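Inspection log for the structure reproduced underneath, given as structure tokens.
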Amino acid sequence: MTPRHWLIKFAPFRTSWAEIVARGIFTPRGIRSQQACKHLKSMQLGDSVFFFQSQQDQAVRGLMEVARTAYPDPTSADPVWLTCDFRPLRSFFPPLSLAAIRSEESFAVSPLLRQPRLAVMPITDAEAGWIIGQISLDQTTKDEDS
């Protein structure tokens with residue numbers, strides 16, 4: 001099966017992209033949305049996941065892949081709440097801004113713009129391709145300074 005594409009939004013004061021790159025793994029904790037957990041449960045190993053920094057300097061900061069599929073979030077006693085592990089693959093420099101994403105017609109119906117509080121969402125092949133197309137190879141780096 002062809003890997004699917006996802007986007008995860010996280011605030012930098014909770015976990016920044018630089019921290020993810022330094023650790024080599026990202027395990028989001030505290031996601032408490034039924035819809036977001038449904039998306040986490042649907043992820044498969046190797047699926048691509050874009051990391052979107054929310055709340056300040058909103059932008060896609062990098063690309064990750066699913067390294068461990070859904071399992072109970074250890075910050076909750078309720079097994080309904082899930083998390084996954086993600087491995088960072090590429091940093092985007094400069095990051096792809098929310099303003100640039102808003103200007104792209106294919107995102108008009110995207111959950112990124114239509115459901116601003118949703119932390120985990122699928123994105124289409126076209127949306128993923130557009131994001132990658134905006135980031136040329138000379139604009140990516142594994143060394144993240146911000």
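Following the order of the structure tokens, chains are lettered A, B, ..., residues in each are numbered from 1, and ligands are numbered from 1.
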Would you tabulate, counting only C-alpha atoms, all residues of range 100-139 of chain A that have an atom at most 12 Å from an atom of range 48-51 of chain A, showing the closest pair of atoms and their distance in Å to one decimal, sorted by chain then ascending number, as a Markdown table?
| residue | atom | partner | partner_atom | distance |
| --- | --- | --- | --- | --- |
| A:Leu112 | CA | A:Phe50 | CA | 11.5 |
| A:Ala119 | CA | A:Phe51 | CA | 10.3 |
| A:Val120 | CA | A:Val49 | CA | 9.5 |
| A:Met121 | CA | A:Val49 | CA | 9.5 |
| A:Pro122 | CA | A:Val49 | CA | 8.9 |
| A:Ile123 | CA | A:Val49 | CA | 9.2 |
| A:Thr124 | CA | A:Ser48 | CA | 11.2 |
| A:Asp125 | CA | A:Ser48 | CA | 10.5 |
| A:Glu127 | CA | A:Phe50 | CA | 10.9 |
| A:Ala128 | CA | A:Phe50 | CA | 8.4 |
| A:Gly129 | CA | A:Ser48 | CA | 11.3 |
| A:Ile131 | CA | A:Phe50 | CA | 9.1 |
| A:Ile132 | CA | A:Phe50 | CA | 9.9 |
With N, CA and C atoms kept, could you save the residues just selected as a PDB file, in the first residue's frame?
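What landed in result-v2.pdb:
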ATOM      1  N   LEU A 112      -6.707  21.675   7.604  1.00  0.00           N
ATOM      2  CA  LEU A 112      -5.756  22.642   8.138  1.00  0.00           C
ATOM      3  C   LEU A 112      -6.365  24.033   8.204  1.00  0.00           C
ATOM      4  N   ALA A 119      -5.634  18.729  15.703  1.00  0.00           N
ATOM      5  CA  ALA A 119      -4.182  18.569  15.818  1.00  0.00           C
ATOM      6  C   ALA A 119      -3.595  17.542  14.852  1.00  0.00           C
ATOM      7  N   VAL A 120      -4.388  16.582  14.401  1.00  0.00           N
ATOM      8  CA  VAL A 120      -3.905  15.524  13.513  1.00  0.00           C
ATOM      9  C   VAL A 120      -4.901  15.382  12.379  1.00  0.00           C
ATOM     10  N   MET A 121      -4.398  15.421  11.139  1.00  0.00           N
ATOM     11  CA  MET A 121      -5.320  15.374  10.002  1.00  0.00           C
ATOM     12  C   MET A 121      -4.658  14.730   8.796  1.00  0.00           C
ATOM     13  N   PRO A 122      -5.465  14.105   7.956  1.00  0.00           N
ATOM     14  CA  PRO A 122      -4.924  13.610   6.697  1.00  0.00           C
ATOM     15  C   PRO A 122      -4.788  14.769   5.721  1.00  0.00           C
ATOM     16  N   ILE A 123      -3.837  14.638   4.799  1.00  0.00           N
ATOM     17  CA  ILE A 123      -3.769  15.571   3.683  1.00  0.00           C
ATOM     18  C   ILE A 123      -3.686  14.740   2.408  1.00  0.00           C
ATOM     19  N   THR A 124      -4.117  15.323   1.333  1.00  0.00           N
ATOM     20  CA  THR A 124      -4.185  14.602   0.070  1.00  0.00           C
ATOM     21  C   THR A 124      -2.795  14.479  -0.568  1.00  0.00           C
ATOM     22  N   ASP A 125      -2.704  13.586  -1.547  1.00  0.00           N
ATOM     23  CA  ASP A 125      -1.460  13.462  -2.311  1.00  0.00           C
ATOM     24  C   ASP A 125      -1.106  14.797  -2.965  1.00  0.00           C
ATOM     25  N   GLU A 127      -1.931  17.853  -1.959  1.00  0.00           N
ATOM     26  CA  GLU A 127      -1.468  18.805  -0.950  1.00  0.00           C
ATOM     27  C   GLU A 127      -0.039  18.492  -0.521  1.00  0.00           C
ATOM     28  N   ALA A 128       0.246  17.199  -0.290  1.00  0.00           N
ATOM     29  CA  ALA A 128       1.603  16.793   0.101  1.00  0.00           C
ATOM     30  C   ALA A 128       2.595  17.132  -1.009  1.00  0.00           C
ATOM     31  N   GLY A 129       2.219  16.863  -2.245  1.00  0.00           N
ATOM     32  CA  GLY A 129       3.087  17.174  -3.382  1.00  0.00           C
ATOM     33  C   GLY A 129       3.344  18.657  -3.506  1.00  0.00           C
ATOM     34  N   ILE A 131       3.284  20.875  -1.029  1.00  0.00           N
ATOM     35  CA  ILE A 131       4.188  21.276   0.057  1.00  0.00           C
ATOM     36  C   ILE A 131       5.628  20.954  -0.327  1.00  0.00           C
ATOM     37  N   ILE A 132       5.872  19.721  -0.746  1.00  0.00           N
ATOM     38  CA  ILE A 132       7.229  19.311  -1.125  1.00  0.00           C
ATOM     39  C   ILE A 132       7.738  20.164  -2.284  1.00  0.00           C
TER      40      ILE A 132
END
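The residue set within 8 Å of Cys37 in chain A, counting only C-alpha atoms and dropping same-chain residues fewer than 3 places from it, reads Ile31, Arg32, Ser33, Gln34, Leu40, Lys41, Val80, Trp81, Leu82, Thr83 and Val120 of chain A.
In terms of minimum interatomic distance to Asp73 in chain A, A:Arg29 ranks closest within A:Arg90, A:Lys9, A:Arg29, A:Arg23, counting only C-alpha atoms.
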Counting only C-alpha atoms, what is within 10 Å of Arg87 in chain A, bar same-chain residues fewer than 3 positions away, as a list in words?
Ile20, Val21, Arg23, Gly24, Ile25, Phe26, Thr27, Gly46, Ser48, Val49, Leu63, Met64, Glu65, Val66, Ala67, Arg68 and Arg90 of chain A
Sel. of helix (DSSP H, G or I) residues, chain A, as a PyMOL selection string:
chain A and resi 17-23+34-42+98-102+105-107+111-114+125-134+137-139
May I have all residues of range 18-137 of chain A that DSSP, computed from the backbone, assigns to strand (DSSP E or B), given as a PyMOL selection string?
chain A and resi 26+48-53+59-72+82-97+120-123
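The residue that comes closest to Leu118 in chain A, out of A:Ala36, A:Ala11, A:Leu89, A:Ala18 and on the basis of only C-alpha atoms, is A:Ala36.
Here CA of Thr15 in chain A is placed at a distance of 29.8 Å from CA of Glu105 in chain A.
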Interatomic distance between CA of Leu96 in chain A and CA of Arg114 in chain A?
18.2 Å
